[in-house]
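Written out below as structure tokens is the structure these notes cover.
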Amino acid sequence: MGGLGELEYMVQLVTKEALPTYGSALALEGIGREFHYMTYCLDEHVLEPFDNVEYDGVRYTALPVTHAPGTFGYLVETPKTKLFYASDTGPLPPETVEAVRGVDVLVLDATFWKRNWNPNDHHSVQETIEEGFALDAGTVYLTHLAMHYDEPVTLAELEAYVEQYDGRVKVALDGMRFAI
């Protein structure tokens with residue numbers, strides 16, 4: 001939710017229409033507390049686990065993840081591609097694992113480098129790779145990289161580390177787009 005506040009300007013200056021906003025009741029409540037000044041420009045819709053929404057032939061399914069209560073990852077499906085995006089999560093719950101097994105693209109939390117200080121809510125880089133391979137994901141993108149490291153690692157070092165996976169593991173970058 002961190003960057004949501006920036007979208008107020010888009011609504012006011014560009015679209016002039018409330019932004020469709022989907023999430024669990026708890027997540028929307030959190031948005032209301034943190035971004036109370038902009039709820040007028042959000043068209044809120046409550047999702048329950050496994051609910052889905054379709055836009056322009058793309059189906060989005062809310063799947064539970066292990067983070068704060070009410071947090072979802074989203075399975076994004078087109079006729080050609082299945083992508084699962086869960087940028088802030090620990091190990092996936094069994095019901096989510098079954099729903100995302102074999103996805104073409106997995107974009108998953110990789111908050112920690114080596115030692116994971118918070119294994120219930122986050123992954124380390126190594127844990128993300130292991131879980132992605134166990135899910136038989138086509139390409140695994142490491143996201144939510146943070147500075148929570150016992151030893152520093154640079155982007156160049158991280159990219160060199162993932163080279164051992166022959167292109168199957170990549171470091172996600174700000175502004176990255178996926179063709180689905």
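Chains: A, B, ... in order of the structure tokens. Residues: from 1 per chain. Ligands: from 1, in order shown.
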
- Compile the contact shell of A:Phe50 as a ChimeraX atom specification: residues with an atom at most 8 Å away, counting only C-alpha atoms, same-chain residues fewer than 2 positions apart removed. /A:48,52,61-64

- Item | Near-stretch 132-142 of chain A list (10 Å; only C-alpha atoms; drop same-chain fewer than 2 positions) as an MDAnalysis selection string | chainID A and resid 82:85 87 97:111 123:130 144:145 162 165 167:173

- Item | Which residue of A:Arg59, A:Tyr37, A:Pro49, A:Ile180 approaches A:Gly73 most closely, using only C-alpha atoms | A:Pro49

- DSSP on the backbone: what in chain A comes out helix (DSSP H, G or I), as an MDAnalysis selection string? chainID A and resid 4:15 25:34 36:41 94:100 125:134 155:165

- Task: Mind checking which residues fall within 9 Å of stretch 5-13 of chain A, counting only C-alpha atoms, ignoring those fewer than 6 positions away in the same chain, and posting them as a PyMOL selection string?
- Result: chain A and resi 19+35+37-38+41-42

Got time to write the residues from that selection, N, CA and C atoms, as a PDB file, in the first residue's frame?
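again10.pdb was written with the following content:
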```pdb
ATOM      1  N   LEU A  19     -10.643   5.298  -8.565  1.00  0.00           N
ATOM      2  CA  LEU A  19      -9.799   4.173  -8.936  1.00  0.00           C
ATOM      3  C   LEU A  19     -10.378   2.878  -8.362  1.00  0.00           C
ATOM      4  N   PHE A  35      -4.595   6.127   4.484  1.00  0.00           N
ATOM      5  CA  PHE A  35      -4.816   7.089   3.400  1.00  0.00           C
ATOM      6  C   PHE A  35      -6.207   7.707   3.509  1.00  0.00           C
ATOM      7  N   TYR A  37      -7.266  10.555   3.744  1.00  0.00           N
ATOM      8  CA  TYR A  37      -7.442  11.784   2.963  1.00  0.00           C
ATOM      9  C   TYR A  37      -7.798  11.514   1.504  1.00  0.00           C
ATOM     10  N   MET A  38      -7.705  10.283   1.065  1.00  0.00           N
ATOM     11  CA  MET A  38      -7.959  10.038  -0.350  1.00  0.00           C
ATOM     12  C   MET A  38      -9.008   8.961  -0.618  1.00  0.00           C
ATOM     13  N   CYS A  41     -11.429   9.081  -3.609  1.00  0.00           N
ATOM     14  CA  CYS A  41     -11.066   8.778  -4.997  1.00  0.00           C
ATOM     15  C   CYS A  41     -10.820   7.286  -5.216  1.00  0.00           C
ATOM     16  N   LEU A  42     -11.283   6.455  -4.271  1.00  0.00           N
ATOM     17  CA  LEU A  42     -11.163   5.004  -4.411  1.00  0.00           C
ATOM     18  C   LEU A  42     -12.549   4.375  -4.503  1.00  0.00           C
TER      19      LEU A  42
END
```

- Task: Quick one: everything within 7 Å of A:Gly23, counting only C-alpha atoms, minus sequence neighbours fewer than 4 positions away in the same chain. Send it as number ranges by chain.
- Result: A: 27-28, 45-47

For the selection you just gave me, I'd like the residues written to a file as a PDB file, in the first residue's frame, keeping C-alpha atoms.
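To be explicit, this is the file written out as out_4.pdb:
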```pdb
ATOM      1  CA  ALA A  27      -6.740  -4.406   3.789  1.00  0.00           C
ATOM      2  CA  LEU A  28      -9.329  -1.827   2.731  1.00  0.00           C
ATOM      3  CA  HIS A  45     -14.507  -3.647  -3.567  1.00  0.00           C
ATOM      4  CA  VAL A  46     -14.128  -6.291  -0.853  1.00  0.00           C
ATOM      5  CA  LEU A  47     -12.640  -9.621  -1.917  1.00  0.00           C
TER       6      LEU A  47
END
```

- Query: So how many Å separate atom CA of A:Glu44 and atom CA of A:Thr21, to one decimal?
  - Reply: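 Calculated distance between atom CA of A:Glu44 and atom CA of A:Thr21 is 4.7 Å.
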
- Which of stretch 144-180 of chain A DSSP labels strand (DSSP E or B), written as a list of chain:residue names: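 Assigned to strand (DSSP E or B), within stretch 144-180 of chain A: A:His148, A:Tyr149, A:Val169, A:Lys170, A:Val171.
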
May I have the residues from that selection written out with N, CA, C and O atoms, as a PDB file, in the first residue's frame?
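Saved result, part_23.pdb, follows:
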```
ATOM      1  N   HIS A 148      17.597  -5.820   4.783  1.00  0.00           N
ATOM      2  CA  HIS A 148      17.607  -6.621   6.010  1.00  0.00           C
ATOM      3  C   HIS A 148      18.611  -7.769   5.867  1.00  0.00           C
ATOM      4  O   HIS A 148      18.233  -8.930   5.781  1.00  0.00           O
ATOM      5  N   TYR A 149      19.856  -7.422   5.828  1.00  0.00           N
ATOM      6  CA  TYR A 149      20.870  -8.431   5.573  1.00  0.00           C
ATOM      7  C   TYR A 149      21.917  -8.423   6.673  1.00  0.00           C
ATOM      8  O   TYR A 149      22.326  -7.360   7.149  1.00  0.00           O
ATOM      9  N   VAL A 169      15.739 -17.697 -12.706  1.00  0.00           N
ATOM     10  CA  VAL A 169      15.564 -16.792 -11.572  1.00  0.00           C
ATOM     11  C   VAL A 169      16.105 -15.430 -11.987  1.00  0.00           C
ATOM     12  O   VAL A 169      17.203 -15.328 -12.522  1.00  0.00           O
ATOM     13  N   LYS A 170      15.288 -14.388 -11.720  1.00  0.00           N
ATOM     14  CA  LYS A 170      15.677 -13.024 -12.087  1.00  0.00           C
ATOM     15  C   LYS A 170      15.374 -12.076 -10.938  1.00  0.00           C
ATOM     16  O   LYS A 170      14.499 -12.335 -10.116  1.00  0.00           O
ATOM     17  N   VAL A 171      16.087 -10.984 -10.919  1.00  0.00           N
ATOM     18  CA  VAL A 171      15.858  -9.945  -9.921  1.00  0.00           C
ATOM     19  C   VAL A 171      14.855  -8.966 -10.505  1.00  0.00           C
ATOM     20  O   VAL A 171      15.066  -8.417 -11.592  1.00  0.00           O
TER      21      VAL A 171
END
```
